[in-house]
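See below for run_16.txt, which holds compact mmCIF, C-alpha atoms.
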# COMPACT_ATOMS: atom_id res chain seq x y z
CA MET H 1 -39.73 30.38 22.96
CA PRO H 2 -37.04 27.79 22.12
CA ALA H 3 -35.07 28.07 18.86
CA PRO H 4 -35.92 25.53 16.10
CA ALA H 5 -32.74 23.51 16.83
CA GLU H 6 -33.58 23.39 20.56
CA LEU H 7 -37.16 22.40 19.76
CA LYS H 8 -35.88 19.56 17.56
CA ASP H 9 -33.48 18.38 20.31
CA MET H 10 -36.26 18.49 22.92
CA THR H 11 -38.64 16.58 20.64
CA LEU H 12 -36.01 13.93 19.90
CA LYS H 13 -35.28 13.55 23.60
CA GLU H 14 -38.98 13.07 24.38
CA LEU H 15 -39.46 10.58 21.56
CA ARG H 16 -36.47 8.53 22.75
CA ALA H 17 -37.83 8.57 26.30
CA ALA H 18 -41.24 7.41 25.05
CA ARG H 19 -39.63 4.57 23.05
CA LYS H 20 -37.63 3.44 26.07
CA SER H 21 -40.72 3.56 28.24
CA MET H 22 -42.63 1.38 25.74
CA MET H 23 -39.82 -1.21 25.96
CA SER H 24 -39.82 -1.29 29.76
CA GLY H 25 -41.06 -4.03 32.08
CA PRO H 26 -43.86 -1.93 33.64
CA TRP H 27 -45.21 -1.11 30.14
CA LYS H 28 -45.13 -4.78 29.08
CA VAL H 29 -47.01 -5.84 32.19
CA PHE H 30 -49.56 -3.06 31.65
CA ILE H 31 -50.13 -3.58 27.91
CA GLN H 32 -50.59 -7.36 28.20
CA LYS H 33 -53.68 -6.72 30.31
CA GLN H 34 -55.27 -4.35 27.73
CA PRO H 35 -57.91 -5.24 25.12
CA LEU H 36 -56.83 -6.02 21.55
CA GLU H 37 -57.66 -2.56 20.14
CA VAL H 38 -55.53 -0.82 22.77
CA ARG H 39 -52.64 -3.23 22.12
CA ARG H 40 -52.93 -2.68 18.36
CA ASP H 41 -53.01 1.08 18.80
CA ALA H 42 -49.94 0.91 21.08
CA ALA H 43 -48.06 -1.23 18.51
CA HIS H 44 -48.78 1.31 15.75
CA LYS H 45 -47.73 4.17 17.99
CA ALA H 46 -44.47 2.45 18.96
CA VAL H 47 -43.50 2.06 15.28
CA ASP H 48 -44.60 5.64 14.55
CA ILE H 49 -42.36 6.90 17.39
CA GLU H 50 -39.43 4.89 16.02
CA GLN H 51 -40.10 6.29 12.55
CA ALA H 52 -40.13 9.87 13.89
CA ILE H 53 -36.85 9.24 15.75
CA LEU H 54 -35.16 7.96 12.57
CA GLU H 55 -36.49 10.87 10.51
CA LEU H 56 -35.28 13.52 12.97
CA GLU H 57 -31.88 11.86 13.38
CA ASN H 58 -31.50 11.54 9.60
CA ALA H 59 -32.39 15.21 9.06
CA ASP H 60 -29.89 16.26 11.72
CA LEU H 61 -27.02 14.20 10.26
CA ALA H 62 -27.86 15.16 6.65
CA ALA H 63 -27.68 18.87 7.55
CA ILE H 64 -24.21 18.38 9.08
CA ARG H 65 -23.13 16.20 6.14
CA ASP H 66 -24.15 18.95 3.65
CA LYS H 67 -22.06 21.52 5.51
CA LEU H 68 -19.06 19.16 5.63
CA VAL H 69 -19.34 18.46 1.90
CA ALA H 70 -19.44 22.23 1.25
CA ASN H 71 -16.07 22.41 3.08
CA GLU H 72 -14.43 19.77 0.89
CA THR H 73 -13.08 22.11 -1.82
CA ASP H 74 -11.24 24.18 0.78
CA LEU H 75 -9.98 21.06 2.52
CA LEU H 76 -8.59 19.67 -0.75
CA ALA H 77 -6.92 23.03 -1.44
CA GLY H 78 -5.26 22.73 1.98
CA VAL H 79 -3.95 19.23 1.22
CA ASP H 80 -2.50 20.51 -2.10
CA ALA H 81 -0.92 23.60 -0.51
CA LEU H 82 0.75 21.54 2.22
CA ALA H 83 2.02 19.01 -0.31
CA ARG H 84 3.49 21.84 -2.45
CA ALA H 85 5.25 23.34 0.58
CA ARG H 86 6.66 19.89 1.37
CA GLN H 87 7.86 19.51 -2.24
CA ASN H 88 9.72 22.84 -2.05
CA LEU H 89 11.64 21.51 0.93
CA ALA H 90 12.49 18.33 -0.96
CA GLN H 91 13.71 20.44 -3.91
CA VAL H 92 16.23 22.23 -1.66
CA GLN H 93 17.61 18.81 -0.76
CA MET H 94 17.82 17.83 -4.45
CA VAL H 95 19.72 21.04 -5.33
CA LEU H 96 22.18 20.49 -2.49
CA GLU H 97 22.72 16.88 -3.53
CA ALA H 98 23.34 18.00 -7.14
CA VAL H 99 25.84 20.62 -5.91
CA GLY H 100 27.59 17.92 -3.87
CA THR H 101 27.89 15.66 -6.93
CA LEU H 102 29.17 18.55 -9.04
CA LEU H 103 31.77 19.39 -6.43
CA SER H 104 32.98 15.82 -6.24
CA ILE H 105 33.49 15.86 -10.04
CA ALA H 106 35.36 19.17 -9.66
CA ALA H 107 37.56 17.58 -7.00
CA LYS H 108 38.45 14.70 -9.35
CA ILE H 109 39.25 17.15 -12.18
CA ALA H 110 41.37 19.23 -9.81
CA LYS H 111 43.37 16.12 -8.79
CA PHE H 112 43.75 15.10 -12.46
CA VAL H 113 45.01 18.59 -13.42
CA ALA H 114 47.41 18.62 -10.48
CA THR H 115 48.98 15.26 -11.40
CA ALA H 116 49.07 15.91 -15.19
CA MET X 1 35.53 45.87 13.10
CA LYS X 2 37.98 44.01 15.32
CA ALA X 3 37.73 40.25 15.86
CA GLN X 4 36.89 40.82 19.51
CA ASP X 5 34.00 43.16 18.58
CA LEU X 6 32.75 40.67 16.00
CA ARG X 7 32.75 37.87 18.59
CA ARG X 8 30.88 40.14 20.98
CA LEU X 9 28.27 40.65 18.26
CA ILE X 10 28.09 37.02 17.16
CA LEU X 11 27.38 35.56 20.60
CA PRO X 12 24.11 37.48 21.20
CA VAL X 13 23.06 36.82 17.59
CA LEU X 14 23.65 33.08 18.09
CA ALA X 15 21.69 33.26 21.35
CA VAL X 16 18.77 34.96 19.56
CA LEU X 17 18.94 32.40 16.77
CA ALA X 18 18.92 29.57 19.32
CA THR X 19 15.90 31.05 21.12
CA ALA X 20 14.07 31.68 17.85
CA GLY X 21 14.94 28.14 16.81
CA CYS X 22 13.25 26.83 19.97
CA ALA X 23 10.10 28.88 19.29
CA VAL X 24 10.00 27.64 15.71
CA GLY X 25 10.59 24.10 16.98
CA ASP X 26 7.74 24.31 19.54
CA ARG X 27 5.22 25.45 16.94
CA THR X 28 6.17 22.84 14.38
CA GLU X 29 6.45 20.16 17.08
CA ASN X 30 2.93 20.96 18.28
CA ALA X 31 1.74 20.89 14.68
CA GLY X 32 3.28 17.41 14.37
CA LYS X 33 1.50 16.15 17.50
CA LEU X 34 -1.77 17.75 16.41
CA ALA X 35 -1.40 16.09 13.00
CA ASP X 36 -0.84 12.69 14.69
CA ALA X 37 -3.91 13.20 16.87
CA GLY X 38 -5.92 14.28 13.80
CA VAL X 39 -4.93 11.17 11.85
CA ALA X 40 -5.75 8.87 14.82
CA PHE X 41 -9.09 10.66 15.26
CA ALA X 42 -10.01 10.32 11.57
CA ASP X 43 -8.95 6.65 11.64
CA SER X 44 -11.38 5.93 14.52
CA VAL X 45 -14.39 7.68 13.00
CA PRO X 46 -15.45 4.83 10.62
CA ALA X 47 -15.65 2.24 13.45
CA VAL X 48 -17.83 4.58 15.54
CA ILE X 49 -20.07 5.32 12.54
CA ASP X 50 -20.44 1.62 11.67
CA GLU X 51 -21.42 0.77 15.24
CA SER X 52 -23.90 3.66 15.38
CA PHE X 53 -25.66 2.16 12.38
CA ALA X 54 -25.70 -1.33 13.89
CA LEU X 55 -27.23 0.08 17.09
CA ALA X 56 -29.84 2.06 15.11
CA VAL X 57 -30.91 -1.09 13.23
CA THR X 58 -31.02 -3.13 16.46
CA ALA X 59 -33.26 -0.59 18.23
CA ASP X 60 -35.51 -0.43 15.17
CA SER X 61 -35.73 -4.23 14.95
CA LEU X 62 -36.71 -4.49 18.62
CA VAL X 63 -39.60 -2.03 18.10
CA LEU X 64 -40.76 -3.84 14.96
CA ALA X 65 -40.48 -7.27 16.61
CA ASP X 66 -42.50 -6.15 19.65
CA ALA X 67 -45.23 -4.66 17.46
CA ARG X 68 -45.34 -7.60 15.02
CA SER X 69 -47.89 -9.77 16.84
CA GLU X 70 -50.40 -6.89 16.95
CA LEU X 71 -50.12 -6.00 13.23
CA THR X 72 -51.73 -7.50 10.15
CA GLU X 73 -49.50 -8.87 7.37
CA GLU X 74 -50.22 -5.82 5.26
CA GLU X 75 -49.32 -3.49 8.11
CA ARG X 76 -46.10 -5.41 8.81
CA SER X 77 -45.08 -5.18 5.16
CA GLN X 78 -45.79 -1.46 5.00
CA LYS X 79 -44.00 -0.64 8.27
CA LEU X 80 -40.93 -2.77 7.52
CA GLN X 81 -40.48 -1.15 4.10
CA GLN X 82 -40.94 2.31 5.59
CA GLN X 83 -38.32 1.67 8.30
CA ASP X 84 -35.92 0.09 5.79
CA ALA X 85 -36.15 3.17 3.57
CA LEU X 86 -35.24 5.41 6.52
CA LEU X 87 -32.29 3.19 7.42
CA VAL X 88 -31.07 3.26 3.79
CA GLN X 89 -31.19 7.08 3.99
CA ARG X 90 -29.14 6.90 7.18
CA LEU X 91 -26.63 4.59 5.53
CA ASP X 92 -26.13 7.11 2.66
CA VAL X 93 -25.44 9.96 5.08
CA LEU X 94 -23.08 7.82 7.18
CA ARG X 95 -21.19 6.70 4.07
CA ASP X 96 -20.63 10.37 3.15
CA LEU X 97 -19.42 11.12 6.69
CA LYS X 98 -16.94 8.22 6.51
CA GLN X 99 -15.69 9.39 3.12
CA HIS X 100 -15.29 12.89 4.49
CA ALA X 101 -13.27 11.58 7.45
CA ARG X 102 -10.81 10.14 4.92
CA LEU X 103 -10.35 13.61 3.42
CA LEU X 104 -9.77 15.09 6.87
CA ARG X 105 -7.19 12.36 7.45
CA SER X 106 -5.41 13.37 4.21
CA TYR X 107 -5.21 16.94 5.47
CA PHE X 108 -3.61 15.93 8.77
CA ILE X 109 -1.21 13.58 6.96
CA ALA X 110 -0.13 16.45 4.66
CA LEU X 111 0.28 18.72 7.69
CA GLY X 112 2.39 16.11 9.47
CA ALA X 113 4.48 15.48 6.34
CA LEU X 114 5.37 19.17 6.16
CA VAL X 115 6.26 19.79 9.80
CA LYS X 116 7.88 16.43 10.47
CA SER X 117 9.52 16.45 7.06
CA ASP X 118 12.57 14.18 6.83
CA ALA X 119 13.83 16.87 4.44
CA THR X 120 15.26 18.55 7.58
CA SER X 121 17.73 15.73 8.14
CA GLY X 122 18.10 15.18 4.39
CA ILE X 123 19.03 18.81 3.79
CA SER X 124 21.31 18.78 6.81
CA ASP X 125 23.10 15.68 5.47
CA ALA X 126 23.31 17.21 2.00
CA THR X 127 24.83 20.38 3.48
CA LYS X 128 27.42 18.35 5.38
CA ASN X 129 28.17 16.59 2.12
CA VAL X 130 28.71 19.90 0.32
CA VAL X 131 31.04 21.09 3.10
CA ASP X 132 33.01 17.82 2.83
CA ARG X 133 33.19 18.10 -0.96
CA LEU X 134 34.39 21.72 -0.72
CA SER X 135 37.18 20.44 1.47
CA GLY X 136 37.96 17.96 -1.30
CA VAL X 137 38.49 20.74 -3.84
CA GLY X 138 40.85 22.51 -1.50
CA LEU X 139 38.47 24.90 0.28
CA ASP X 140 38.69 23.44 3.75
CA LEU X 141 35.78 25.01 5.61
CA LYS X 142 36.50 22.81 8.61
CA LYS X 143 39.60 24.88 9.30
CA LYS X 144 38.17 28.28 8.35
CA GLN X 145 36.97 30.44 11.20
CA ILE X 146 35.21 33.77 11.57
CA ALA X 147 35.82 35.50 14.86
CA GLY X 148 36.94 32.21 16.39
CA VAL X 149 33.85 30.30 15.23
CA ALA X 150 34.42 27.45 12.72
CA ILE X 151 32.34 28.04 9.58
CA ALA X 152 31.56 24.32 9.25
CA ASP X 153 30.10 24.36 12.76
CA VAL X 154 27.80 27.24 11.85
CA ILE X 155 26.63 26.23 8.37
CA GLN X 156 24.80 23.05 9.39
CA PRO X 157 22.84 24.54 12.34
CA ALA X 158 22.08 27.57 10.14
CA VAL X 159 20.63 25.36 7.42
CA GLU X 160 18.59 23.41 10.00
CA PHE X 161 17.36 26.70 11.39
CA GLY X 162 16.54 27.88 7.85
CA VAL X 163 14.54 24.72 7.20
CA GLY X 164 12.72 25.23 10.51
CA VAL X 165 11.92 28.81 9.56
CA TYR X 166 10.70 27.68 6.14
CA GLN X 167 8.45 25.07 7.78
CA ASN X 168 7.16 27.67 10.20
CA VAL X 169 6.51 30.21 7.42
CA ALA X 170 4.74 27.56 5.31
CA LEU X 171 2.71 26.56 8.38
CA ARG X 172 1.83 30.16 9.20
CA HIS X 173 0.81 30.76 5.60
CA GLU X 174 -1.42 27.66 5.68
CA LEU X 175 -3.00 28.74 8.98
CA ASP X 176 -3.63 32.25 7.59
CA GLN X 177 -5.21 30.75 4.47
CA ARG X 178 -7.22 27.92 5.97
CA GLY X 179 -7.05 28.04 9.76
CA HIS X 180 -10.73 29.06 9.90
CA VAL X 181 -11.76 26.41 7.34
CA ILE X 182 -10.24 23.63 9.44
CA GLU X 183 -11.77 25.16 12.57
CA ARG X 184 -15.23 25.04 10.92
CA GLU X 185 -14.49 21.52 9.71
CA LEU X 186 -13.61 20.30 13.21
CA GLU X 187 -16.65 22.03 14.69
CA LEU X 188 -18.84 20.16 12.19
CA GLU X 189 -17.08 16.87 13.00
CA ARG X 190 -17.78 17.57 16.66
CA ALA X 191 -21.46 18.23 15.89
CA ALA X 192 -21.71 15.04 13.80
CA LEU X 193 -20.09 12.87 16.48
CA ALA X 194 -22.18 14.49 19.23
CA ALA X 195 -25.35 13.64 17.27
CA ILE X 196 -24.06 10.12 16.57
CA GLY X 197 -23.03 9.70 20.23
CA ASP X 198 -26.49 10.76 21.48
CA GLN X 199 -28.10 8.34 19.05
CA MET X 200 -25.82 5.48 20.13
CA VAL X 201 -26.48 6.09 23.83
CA ALA X 202 -30.27 6.26 23.26
CA ASP X 203 -30.32 3.12 21.07
CA LYS X 204 -28.09 1.10 23.39
CA ASP X 205 -30.11 2.25 26.40
CA ALA X 206 -33.33 1.14 24.67
CA GLN X 207 -31.71 -2.21 23.89
CA ILE X 208 -30.66 -2.73 27.54
CA GLU X 209 -34.16 -1.72 28.65
CA HIS X 210 -35.74 -4.24 26.29
CA ASP X 211 -33.33 -7.17 26.63
CA VAL X 212 -32.26 -6.93 30.26
CA ARG X 213 -34.24 -4.59 32.51
CA ALA X 214 -37.70 -5.53 31.18
CA GLN X 215 -36.90 -9.23 31.62
CA LEU X 216 -35.70 -8.65 35.18
CA PHE X 217 -38.86 -6.69 35.92
CA THR X 218 -41.36 -9.20 34.51
CA GLU X 219 -39.55 -12.14 36.13
CA TYR X 220 -39.83 -10.40 39.48
CA VAL X 221 -43.46 -9.24 39.06
CA SER X 222 -45.04 -12.22 37.30
CA GLY X 223 -42.65 -15.16 37.61
CA ALA X 224 -43.58 -18.12 39.79
CA SER X 225 -40.16 -17.89 41.42
CA LEU X 226 -36.93 -15.98 40.78
CA ALA X 227 -34.35 -17.76 38.66
CA SER X 228 -30.87 -18.20 40.11
CA GLY X 229 -28.53 -15.46 38.90
CA TRP X 230 -31.31 -12.88 38.91
CA ASN X 231 -29.24 -10.61 41.17
CA ASP X 232 -26.11 -11.04 39.04
CA ARG X 233 -28.03 -10.02 35.90
CA ARG X 234 -29.46 -7.07 37.80
CA ILE X 235 -25.96 -5.90 38.76
CA ALA X 236 -24.83 -6.37 35.13
CA ALA X 237 -27.76 -4.21 33.94
CA PHE X 238 -26.71 -1.36 36.24
CA ARG X 239 -23.10 -1.70 35.07
CA GLN X 240 -24.14 -1.59 31.42
CA THR X 241 -26.04 1.62 32.10
CA ILE X 242 -22.92 3.21 33.58
CA GLU X 243 -20.82 2.06 30.58
CA LEU X 244 -23.17 3.90 28.21
CA LYS X 245 -21.21 7.06 28.98
CA SER X 246 -18.14 5.63 27.19
CA LEU X 247 -20.06 5.92 23.90
CA ASP X 248 -19.55 9.68 24.20
CA ALA X 249 -15.75 9.26 23.86
CA ALA X 250 -15.80 10.12 20.16
CA ALA X 251 -17.68 13.37 20.73
CA ALA X 252 -15.30 14.28 23.58
CA ALA X 253 -12.25 13.65 21.37
CA ALA X 254 -13.79 15.69 18.55
CA GLU X 255 -14.50 18.56 20.93
CA ASN X 256 -10.92 18.49 22.26
CA LEU X 257 -9.44 18.34 18.74
CA HIS X 258 -11.56 21.35 17.79
CA GLN X 259 -10.48 23.35 20.87
CA SER X 260 -6.81 22.31 20.40
CA TRP X 261 -6.89 23.50 16.80
CA ILE X 262 -8.20 26.92 17.89
CA ALA X 263 -5.45 27.13 20.54
CA PHE X 264 -2.86 26.05 17.97
CA VAL X 265 -3.94 28.70 15.43
CA GLU X 266 -3.77 31.31 18.19
CA ASN X 267 -0.31 29.92 19.15
CA ARG X 268 -1.30 29.12 22.73
CA LEU X 269 -1.44 25.32 22.55
CA ASP X 270 0.56 24.07 25.51
CA GLU X 271 2.00 20.68 26.50
CA ALA X 272 -0.86 19.92 28.93
CA ALA X 273 -3.49 20.54 26.26
CA VAL X 274 -1.63 18.33 23.77
CA LEU X 275 -1.41 15.54 26.38
CA GLN X 276 -5.13 15.80 27.16
CA LEU X 277 -5.91 15.71 23.44
CA LEU X 278 -3.79 12.59 22.94
CA LYS X 279 -5.52 10.98 25.96
CA ASP X 280 -9.00 11.74 24.55
CA VAL X 281 -8.07 10.45 21.10
CA ASP X 282 -6.63 7.35 22.77
CA GLU X 283 -9.96 6.78 24.55
CA MET X 284 -11.72 7.16 21.22
CA LEU X 285 -9.33 4.59 19.71
CA SER X 286 -10.13 2.21 22.61
CA LEU X 287 -13.84 2.73 21.97
CA ALA X 288 -13.31 2.08 18.24
CA ASP X 289 -11.34 -1.11 19.03
CA LYS X 290 -14.03 -2.25 21.47
CA LEU X 291 -16.77 -1.57 18.94
CA LYS X 292 -14.85 -3.38 16.17
CA ALA X 293 -14.34 -6.38 18.47
CA SER X 294 -18.03 -6.52 19.40
CA GLY X 295 -19.15 -5.98 15.80
This entry written out as structure tokens:
Amino acid sequence: MPAPAELKDMTLKELRAARKSMMSGPWKVFIQKQPLEVRRDAAHKAVDIEQAILELENADLAAIRDKLVANETDLLAGVDALARARQNLAQVQMVLEAVGTLLSIAAKIAKFVATA
Amino acid sequence: MKAQDLRRLILPVLAVLATAGCAVGDRTENAGKLADAGVAFADSVPAVIDESFALAVTADSLVLADARSELTEEERSQKLQQQDALLVQRLDVLRDLKQHARLLRSYFIALGALVKSDATSGISDATKNVVDRLSGVGLDLKKKQIAGVAIADVIQPAVEFGVGVYQNVALRHELDQRGHVIERELELERAALAAIGDQMVADKDAQIEHDVRAQLFTEYVSGASLASGWNDRRIAAFRQTIELKSLDAAAAAAENLHQSWIAFVENRLDEAAVLQLLKDVDEMLSLADKLKASG
């Protein structure tokens, strides 16, 4: 017994094959020779098949979309955490630059004291 | 401890530091490449999604157009509205998937910004600056040596190593915290693009069947004579069928990105895997470009 997901995949595959077959040359040649009622029935069935394909595909994609949306909070937390880690690195650079500036002031003072 | 003993101790320590530095570099370098591939992947997703919708509408229109002559006006109205409603539903889902791809892109950009941080060179420059300034106030580190090794020569590589270690620790922390979340995320992206790829192949195949193969068939079976170029169109139809496989490129890239992430988290992502990933993402980019051009 196939699992529900397998059953859905198999059904979708069959529906797509049926749609393709109803667009084929052999089908067109065949259906043109049929009485009106048969042609009308075939037209309804072709649209029904297309409708079923869209419904199954939509359900499949919506299920994946819901799971992805459920992941969004964690994903945003990851973006924030990485940005914070990056900021910490930038802060080290700022501290070192400030130390460098301070030291250059100290060097000027030292020269001033030496020549005074 | 004598200077000679100290030197004997320093050399193996420097060797260990150099080796550790390489290991740190490999991990962060791989993270940088993975981040680039992730951004390129996320950038290509919208074009693939847009084309999948265009193909879905085209296949639907062909079915409706074929059925039209056999339906009453009331039936046409009912069926067109019903199909439109389903396509609007599809559009909503696809819009969410595109929006989500932008969030995934932000994650890979943040990852790349951390591991490829220009802070490494910035901090290195700032350290050199501090060493120069210290020389200015009379503490000339350029001339100071410990066990025959100039301090100035050691400080800068040590800071670079420290930054590398920090990046690696931050990366490891992130992977511990969210490695599995991103893994699940990429698995879902793979599933979404596999479903979209299957749909695109089926819709495009139906379109070729309707527009090309059926015409060729009826011309041959019922036509008074065969038009010139019939063989050329027949060859083109076979070629188009073969090209359908290229629509799977997005799913293949998503699968490779997912597997590469798992290998990266487990610290076994090698050069060959990274190259294959970049190749797959490149094929997806080509597909996206091709789809944009045809759209």
Distance of CA of Leu12 (chain H) from CA of Gln51 (chain H), expressed in Å to one decimal place: 11.4 Å
Chain X contacts on chain H, only C-alpha atoms, 8 Å, as a PDB file with C-alpha atoms, keeping the file's coordinate frame:
ATOM      1  CA  ARG H  16     -36.470   8.530  22.750  1.00  0.00           C
ATOM      2  CA  ARG H  19     -39.630   4.570  23.050  1.00  0.00           C
ATOM      3  CA  LYS H  20     -37.630   3.440  26.070  1.00  0.00           C
ATOM      4  CA  MET H  23     -39.820  -1.210  25.960  1.00  0.00           C
ATOM      5  CA  SER H  24     -39.820  -1.290  29.760  1.00  0.00           C
ATOM      6  CA  GLY H  25     -41.060  -4.030  32.080  1.00  0.00           C
ATOM      7  CA  PRO H  26     -43.860  -1.930  33.640  1.00  0.00           C
ATOM      8  CA  LYS H  28     -45.130  -4.780  29.080  1.00  0.00           C
ATOM      9  CA  VAL H  29     -47.010  -5.840  32.190  1.00  0.00           C
ATOM     10  CA  LEU H  36     -56.830  -6.020  21.550  1.00  0.00           C
ATOM     11  CA  ARG H  39     -52.640  -3.230  22.120  1.00  0.00           C
ATOM     12  CA  ARG H  40     -52.930  -2.680  18.360  1.00  0.00           C
ATOM     13  CA  ALA H  43     -48.060  -1.230  18.510  1.00  0.00           C
ATOM     14  CA  HIS H  44     -48.780   1.310  15.750  1.00  0.00           C
ATOM     15  CA  ALA H  46     -44.470   2.450  18.960  1.00  0.00           C
ATOM     16  CA  VAL H  47     -43.500   2.060  15.280  1.00  0.00           C
ATOM     17  CA  GLU H  50     -39.430   4.890  16.020  1.00  0.00           C
ATOM     18  CA  GLN H  51     -40.100   6.290  12.550  1.00  0.00           C
ATOM     19  CA  LEU H  54     -35.160   7.960  12.570  1.00  0.00           C
ATOM     20  CA  GLU H  55     -36.490  10.870  10.510  1.00  0.00           C
ATOM     21  CA  GLU H  57     -31.880  11.860  13.380  1.00  0.00           C
ATOM     22  CA  ASN H  58     -31.500  11.540   9.600  1.00  0.00           C
ATOM     23  CA  ASP H  60     -29.890  16.260  11.720  1.00  0.00           C
ATOM     24  CA  LEU H  61     -27.020  14.200  10.260  1.00  0.00           C
ATOM     25  CA  ALA H  62     -27.860  15.160   6.650  1.00  0.00           C
ATOM     26  CA  ILE H  64     -24.210  18.380   9.080  1.00  0.00           C
ATOM     27  CA  ARG H  65     -23.130  16.200   6.140  1.00  0.00           C
ATOM     28  CA  LYS H  67     -22.060  21.520   5.510  1.00  0.00           C
ATOM     29  CA  LEU H  68     -19.060  19.160   5.630  1.00  0.00           C
ATOM     30  CA  VAL H  69     -19.340  18.460   1.900  1.00  0.00           C
ATOM     31  CA  ASN H  71     -16.070  22.410   3.080  1.00  0.00           C
ATOM     32  CA  GLU H  72     -14.430  19.770   0.890  1.00  0.00           C
ATOM     33  CA  ASP H  74     -11.240  24.180   0.780  1.00  0.00           C
ATOM     34  CA  LEU H  75      -9.980  21.060   2.520  1.00  0.00           C
ATOM     35  CA  LEU H  76      -8.590  19.670  -0.750  1.00  0.00           C
ATOM     36  CA  GLY H  78      -5.260  22.730   1.980  1.00  0.00           C
ATOM     37  CA  VAL H  79      -3.950  19.230   1.220  1.00  0.00           C
ATOM     38  CA  ALA H  81      -0.920  23.600  -0.510  1.00  0.00           C
ATOM     39  CA  LEU H  82       0.750  21.540   2.220  1.00  0.00           C
ATOM     40  CA  ALA H  83       2.020  19.010  -0.310  1.00  0.00           C
ATOM     41  CA  ALA H  85       5.250  23.340   0.580  1.00  0.00           C
ATOM     42  CA  ARG H  86       6.660  19.890   1.370  1.00  0.00           C
ATOM     43  CA  LEU H  89      11.640  21.510   0.930  1.00  0.00           C
ATOM     44  CA  ALA H  90      12.490  18.330  -0.960  1.00  0.00           C
ATOM     45  CA  VAL H  92      16.230  22.230  -1.660  1.00  0.00           C
ATOM     46  CA  GLN H  93      17.610  18.810  -0.760  1.00  0.00           C
ATOM     47  CA  LEU H  96      22.180  20.490  -2.490  1.00  0.00           C
ATOM     48  CA  GLU H  97      22.720  16.880  -3.530  1.00  0.00           C
ATOM     49  CA  VAL H  99      25.840  20.620  -5.910  1.00  0.00           C
ATOM     50  CA  GLY H 100      27.590  17.920  -3.870  1.00  0.00           C
ATOM     51  CA  LEU H 103      31.770  19.390  -6.430  1.00  0.00           C
ATOM     52  CA  SER H 104      32.980  15.820  -6.240  1.00  0.00           C
ATOM     53  CA  ALA H 106      35.360  19.170  -9.660  1.00  0.00           C
ATOM     54  CA  ALA H 107      37.560  17.580  -7.000  1.00  0.00           C
ATOM     55  CA  ALA H 110      41.370  19.230  -9.810  1.00  0.00           C
TER      56      ALA H 110
END
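Here CA of Ala40 (chain X) is placed at a distance of 19.9 Å from CA of Val265 (chain X).
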Between CA of Lys204 (chain X) and CA of Thr241 (chain X) - distance in Å to one decimal: 9.0 Å
For Ala59 (chain H), the nearest of the candidates H:Met1, H:Gln34, H:Ala42, H:Lys8, counting only C-alpha atoms: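 The closest residue to Ala59 (chain H) is H:Lys8.
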Centre and edge lengths, as JSON, for the axis-aligned box enclosing every listed atom of region 110-113 of chain X with 3 Å of padding on each of the six sides, in Å to one decimal?
{"center_x": 2.2, "center_y": 17.1, "center_z": 7.1, "size_x": 10.6, "size_y": 9.2, "size_z": 10.8}
